[in-house]
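**Q** Okay, here's the structure, questions in a sec.
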Amino acid sequence: MADGGDGRLRTSGSGGDDGAGESAGGGMLLYVVLLVLVLLAAYLLYLRWRKRSGPGGAAQQSQAALLPRMKRRDFSLEQLHEFDGTRNPRILLAVNGKVFDVTKGSKFYGPEGPYGIFAGRDASRGLATFCLDKDALRDEYDDLSDLNAVQMESVREWEMQFKEKYDYVGRLLKPGEEPSEYTDEEDTKDHTKQE
């Protein structure tokens with residue numbers, strides 16, 4: 001070992017190398033680490049994309065796009081329960097006595113969605129009280145008579161939002177109420193009005 005006058009210690013085998021071999025090895029290591037990080041990030045993005053195209057994601061949404069537009073009709077609570085996205089690919093929910101086809105929003109209202117609890121149900125009480133618990137949903141017809149004015153206004157606002165975004169397909173029937181008969185002309189007029 002000797003001091004070459006520039007403040008660096010040199011071993012007898014290093015000659016005038018100035019550590020170029022070490023820095024090339026360090027640069028290669030840095031390159032490999034960066035490559036591994038990029039590949040890891042790409043893999044994580046792939047997993048996230050794959051999860052979205054799974055149940056409730058793009059695959060289910062493309063299936064929903066293939067369903068024909070639903071003809072207008074009225075539903076009892078029991079009939080509405082069939083359209084929860086598990087027994088039938090179509091997803092319906094009721095708000096303030098009106099039934100909407102929310103199938104195109106399956107990533108929200110499908111079985112795996114954050115609002116899946118409302119699928120095939122009357123969602124009015126849950127939306128009015130901002131409650132996503134099963135306790136907010138009734139198994140029998142709910143006339144909402146115990147809601148206060150602010151909660152009823154919230155239900156009406158939700159109804160308007162659903163009318164703007166989703167197809168209105170009919171009414172939720174009260175017990176003993178008979179369904180209305182809709183003509184093809186009424187059905188067509190209603191659907192073109194919403195588009």
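We name chains A, B, ... following the order of the structure tokens; residues begin at 1 in each chain, and ligands are numbered from 1 as shown.
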I want to know what sits within 6 Å of region 96-100 of chain A, based on only C-alpha atoms, with residues of the same chain fewer than 4 positions away left out; could you give that as an NGL selection string?
**A** :A and (92 or 124 or 167-172)
**Q** Pull N, CA and C atoms from the residues just selected and write them as a PDB file, in the first residue's frame.
**A**
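part.pdb was written with the following content:
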```
ATOM      1  N   LEU A  92     -81.137  -5.320 -10.004  1.00  0.00           N
ATOM      2  CA  LEU A  92     -82.146  -4.281  -9.810  1.00  0.00           C
ATOM      3  C   LEU A  92     -82.142  -3.848  -8.365  1.00  0.00           C
ATOM      4  N   SER A 124     -84.065   2.230  -0.205  1.00  0.00           N
ATOM      5  CA  SER A 124     -84.480   3.559   0.259  1.00  0.00           C
ATOM      6  C   SER A 124     -84.023   3.874   1.676  1.00  0.00           C
ATOM      7  N   ASP A 167     -81.548   2.870 -15.914  1.00  0.00           N
ATOM      8  CA  ASP A 167     -82.860   2.688 -16.528  1.00  0.00           C
ATOM      9  C   ASP A 167     -83.913   2.430 -15.457  1.00  0.00           C
ATOM     10  N   TYR A 168     -85.013   3.162 -15.551  1.00  0.00           N
ATOM     11  CA  TYR A 168     -86.179   2.943 -14.705  1.00  0.00           C
ATOM     12  C   TYR A 168     -86.955   1.796 -15.338  1.00  0.00           C
ATOM     13  N   VAL A 169     -87.216   0.734 -14.579  1.00  0.00           N
ATOM     14  CA  VAL A 169     -87.878  -0.433 -15.167  1.00  0.00           C
ATOM     15  C   VAL A 169     -89.268  -0.698 -14.603  1.00  0.00           C
ATOM     16  N   GLY A 170     -89.682  -0.003 -13.567  1.00  0.00           N
ATOM     17  CA  GLY A 170     -91.024  -0.223 -13.039  1.00  0.00           C
ATOM     18  C   GLY A 170     -91.154   0.235 -11.602  1.00  0.00           C
ATOM     19  N   ARG A 171     -92.268  -0.155 -10.998  1.00  0.00           N
ATOM     20  CA  ARG A 171     -92.554   0.247  -9.619  1.00  0.00           C
ATOM     21  C   ARG A 171     -92.377  -0.930  -8.672  1.00  0.00           C
ATOM     22  N   LEU A 172     -92.122  -0.619  -7.417  1.00  0.00           N
ATOM     23  CA  LEU A 172     -92.121  -1.619  -6.354  1.00  0.00           C
ATOM     24  C   LEU A 172     -93.541  -1.658  -5.806  1.00  0.00           C
TER      25      LEU A 172
END
```
**Q** Please provide as a list of chain:residue names all residues within 12 Å of Gly116 (chain A), with the sequence filter that same-chain residues fewer than 5 positions apart are discarded (counting only C-alpha atoms).
**A**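 These residues fall inside the cut-off: A:Gly56, A:Phe83, A:Asp84, A:Gly85, A:Thr86, A:Ile91, A:Leu92, A:Leu93, A:Val102, A:Thr103, A:Gly105, A:Ser106, A:Lys107, A:Phe108, A:Tyr109, A:Gly110, A:Pro111, A:Arg121, A:Ala123, A:Gly126, A:Leu132, A:Asp133, A:Lys134.
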**Q** For CA of Phe162 (chain A) and CA of Ser180 (chain A), determine how far apart the two atoms are, in Å to one decimal place.
**A**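 Between CA of Phe162 (chain A) and CA of Ser180 (chain A) the gap is 21.3 Å.
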**Q** Among region 66-125 of chain A, which ones does DSSP place in strand (DSSP E), written as number ranges by chain?
**A** A: 92-95, 98-101
**Q** Just the helix (DSSP H, G or I) stuff from region 87-176 of chain A, please, per backbone DSSP, written as a PyMOL selection string.
**A** chain A and resi 103-109+116-118+124-129+134-136+149-165
**Q** For the selection you just gave me, I'd like the residues written to a file as a compact mmCIF listing (two decimals), in the first residue's frame, keeping N, CA and C atoms.
**A**
```
# COMPACT_ATOMS: atom_id res chain seq x y z
N THR A 103 -77.50 -2.83 -13.43
CA THR A 103 -76.55 -3.84 -13.91
C THR A 103 -75.27 -3.23 -14.44
N LYS A 104 -75.38 -2.10 -15.15
CA LYS A 104 -74.16 -1.49 -15.70
C LYS A 104 -73.26 -0.93 -14.59
N GLY A 105 -73.76 -0.80 -13.39
CA GLY A 105 -72.97 -0.39 -12.24
C GLY A 105 -72.63 -1.57 -11.34
N SER A 106 -72.43 -2.75 -11.96
CA SER A 106 -72.22 -3.98 -11.18
C SER A 106 -70.98 -3.93 -10.30
N LYS A 107 -70.00 -3.09 -10.66
CA LYS A 107 -68.82 -3.04 -9.78
C LYS A 107 -69.17 -2.36 -8.46
N PHE A 108 -70.27 -1.61 -8.42
CA PHE A 108 -70.74 -1.00 -7.18
C PHE A 108 -71.85 -1.83 -6.52
N TYR A 109 -72.80 -2.33 -7.33
CA TYR A 109 -74.00 -2.98 -6.79
C TYR A 109 -73.98 -4.50 -6.93
N GLY A 116 -73.33 -3.76 -2.71
CA GLY A 116 -73.96 -5.02 -3.09
C GLY A 116 -75.10 -5.42 -2.17
N ILE A 117 -75.09 -4.90 -0.97
CA ILE A 117 -76.15 -5.20 -0.01
C ILE A 117 -77.51 -4.72 -0.51
N PHE A 118 -77.53 -3.72 -1.39
CA PHE A 118 -78.78 -3.16 -1.91
C PHE A 118 -79.33 -3.93 -3.10
N SER A 124 -84.07 2.23 -0.20
CA SER A 124 -84.48 3.56 0.26
C SER A 124 -84.02 3.87 1.68
N ARG A 125 -84.31 2.99 2.61
CA ARG A 125 -83.97 3.26 4.02
C ARG A 125 -82.46 3.33 4.20
N GLY A 126 -81.71 2.43 3.60
CA GLY A 126 -80.25 2.44 3.72
C GLY A 126 -79.65 3.71 3.15
N LEU A 127 -80.17 4.16 2.01
CA LEU A 127 -79.66 5.39 1.40
C LEU A 127 -80.05 6.61 2.22
N ALA A 128 -81.26 6.62 2.75
CA ALA A 128 -81.74 7.77 3.53
C ALA A 128 -80.96 7.94 4.83
N THR A 129 -80.57 6.82 5.42
CA THR A 129 -79.88 6.86 6.72
C THR A 129 -78.37 6.68 6.57
N LYS A 134 -77.28 -4.72 7.08
CA LYS A 134 -78.50 -5.47 6.78
C LYS A 134 -79.67 -4.96 7.60
N ASP A 135 -79.38 -4.42 8.79
CA ASP A 135 -80.44 -3.91 9.66
C ASP A 135 -81.21 -2.76 9.01
N ALA A 136 -80.60 -2.05 8.09
CA ALA A 136 -81.25 -0.91 7.43
C ALA A 136 -82.22 -1.37 6.35
N ALA A 149 -88.09 14.42 7.79
CA ALA A 149 -88.12 15.21 6.56
C ALA A 149 -86.77 15.23 5.85
N VAL A 150 -85.69 15.33 6.60
CA VAL A 150 -84.35 15.36 6.00
C VAL A 150 -84.04 14.03 5.32
N GLN A 151 -84.40 12.93 5.97
CA GLN A 151 -84.15 11.61 5.41
C GLN A 151 -85.01 11.38 4.15
N MET A 152 -86.26 11.86 4.17
CA MET A 152 -87.11 11.72 2.99
C MET A 152 -86.58 12.55 1.82
N GLU A 153 -86.06 13.72 2.12
CA GLU A 153 -85.45 14.55 1.07
C GLU A 153 -84.24 13.82 0.48
N SER A 154 -83.48 13.16 1.33
CA SER A 154 -82.32 12.38 0.87
C SER A 154 -82.78 11.25 -0.06
N VAL A 155 -83.87 10.57 0.29
CA VAL A 155 -84.40 9.50 -0.56
C VAL A 155 -84.78 10.06 -1.93
N ARG A 156 -85.44 11.21 -1.95
CA ARG A 156 -85.84 11.83 -3.23
C ARG A 156 -84.62 12.23 -4.06
N GLU A 157 -83.58 12.71 -3.40
CA GLU A 157 -82.34 13.06 -4.12
C GLU A 157 -81.69 11.81 -4.72
N TRP A 158 -81.66 10.72 -3.96
CA TRP A 158 -81.11 9.47 -4.47
C TRP A 158 -81.93 8.99 -5.66
N GLU A 159 -83.26 9.09 -5.54
CA GLU A 159 -84.14 8.68 -6.64
C GLU A 159 -83.79 9.46 -7.91
N MET A 160 -83.60 10.75 -7.79
CA MET A 160 -83.25 11.57 -8.96
C MET A 160 -81.90 11.15 -9.56
N GLN A 161 -80.94 10.86 -8.70
CA GLN A 161 -79.64 10.42 -9.19
C GLN A 161 -79.75 9.09 -9.96
N PHE A 162 -80.55 8.17 -9.41
CA PHE A 162 -80.73 6.89 -10.09
C PHE A 162 -81.47 7.08 -11.41
N LYS A 163 -82.45 7.97 -11.45
CA LYS A 163 -83.19 8.25 -12.69
C LYS A 163 -82.26 8.77 -13.78
N GLU A 164 -81.30 9.60 -13.39
CA GLU A 164 -80.37 10.17 -14.36
C GLU A 164 -79.37 9.14 -14.88
N LYS A 165 -78.98 8.20 -14.04
CA LYS A 165 -77.88 7.31 -14.39
C LYS A 165 -78.31 5.92 -14.88
```
**Q** Between CA of Pro175 (chain A) and CA of Pro89 (chain A), measure the distance and give it in Å to one decimal.
**A** 26.1 Å
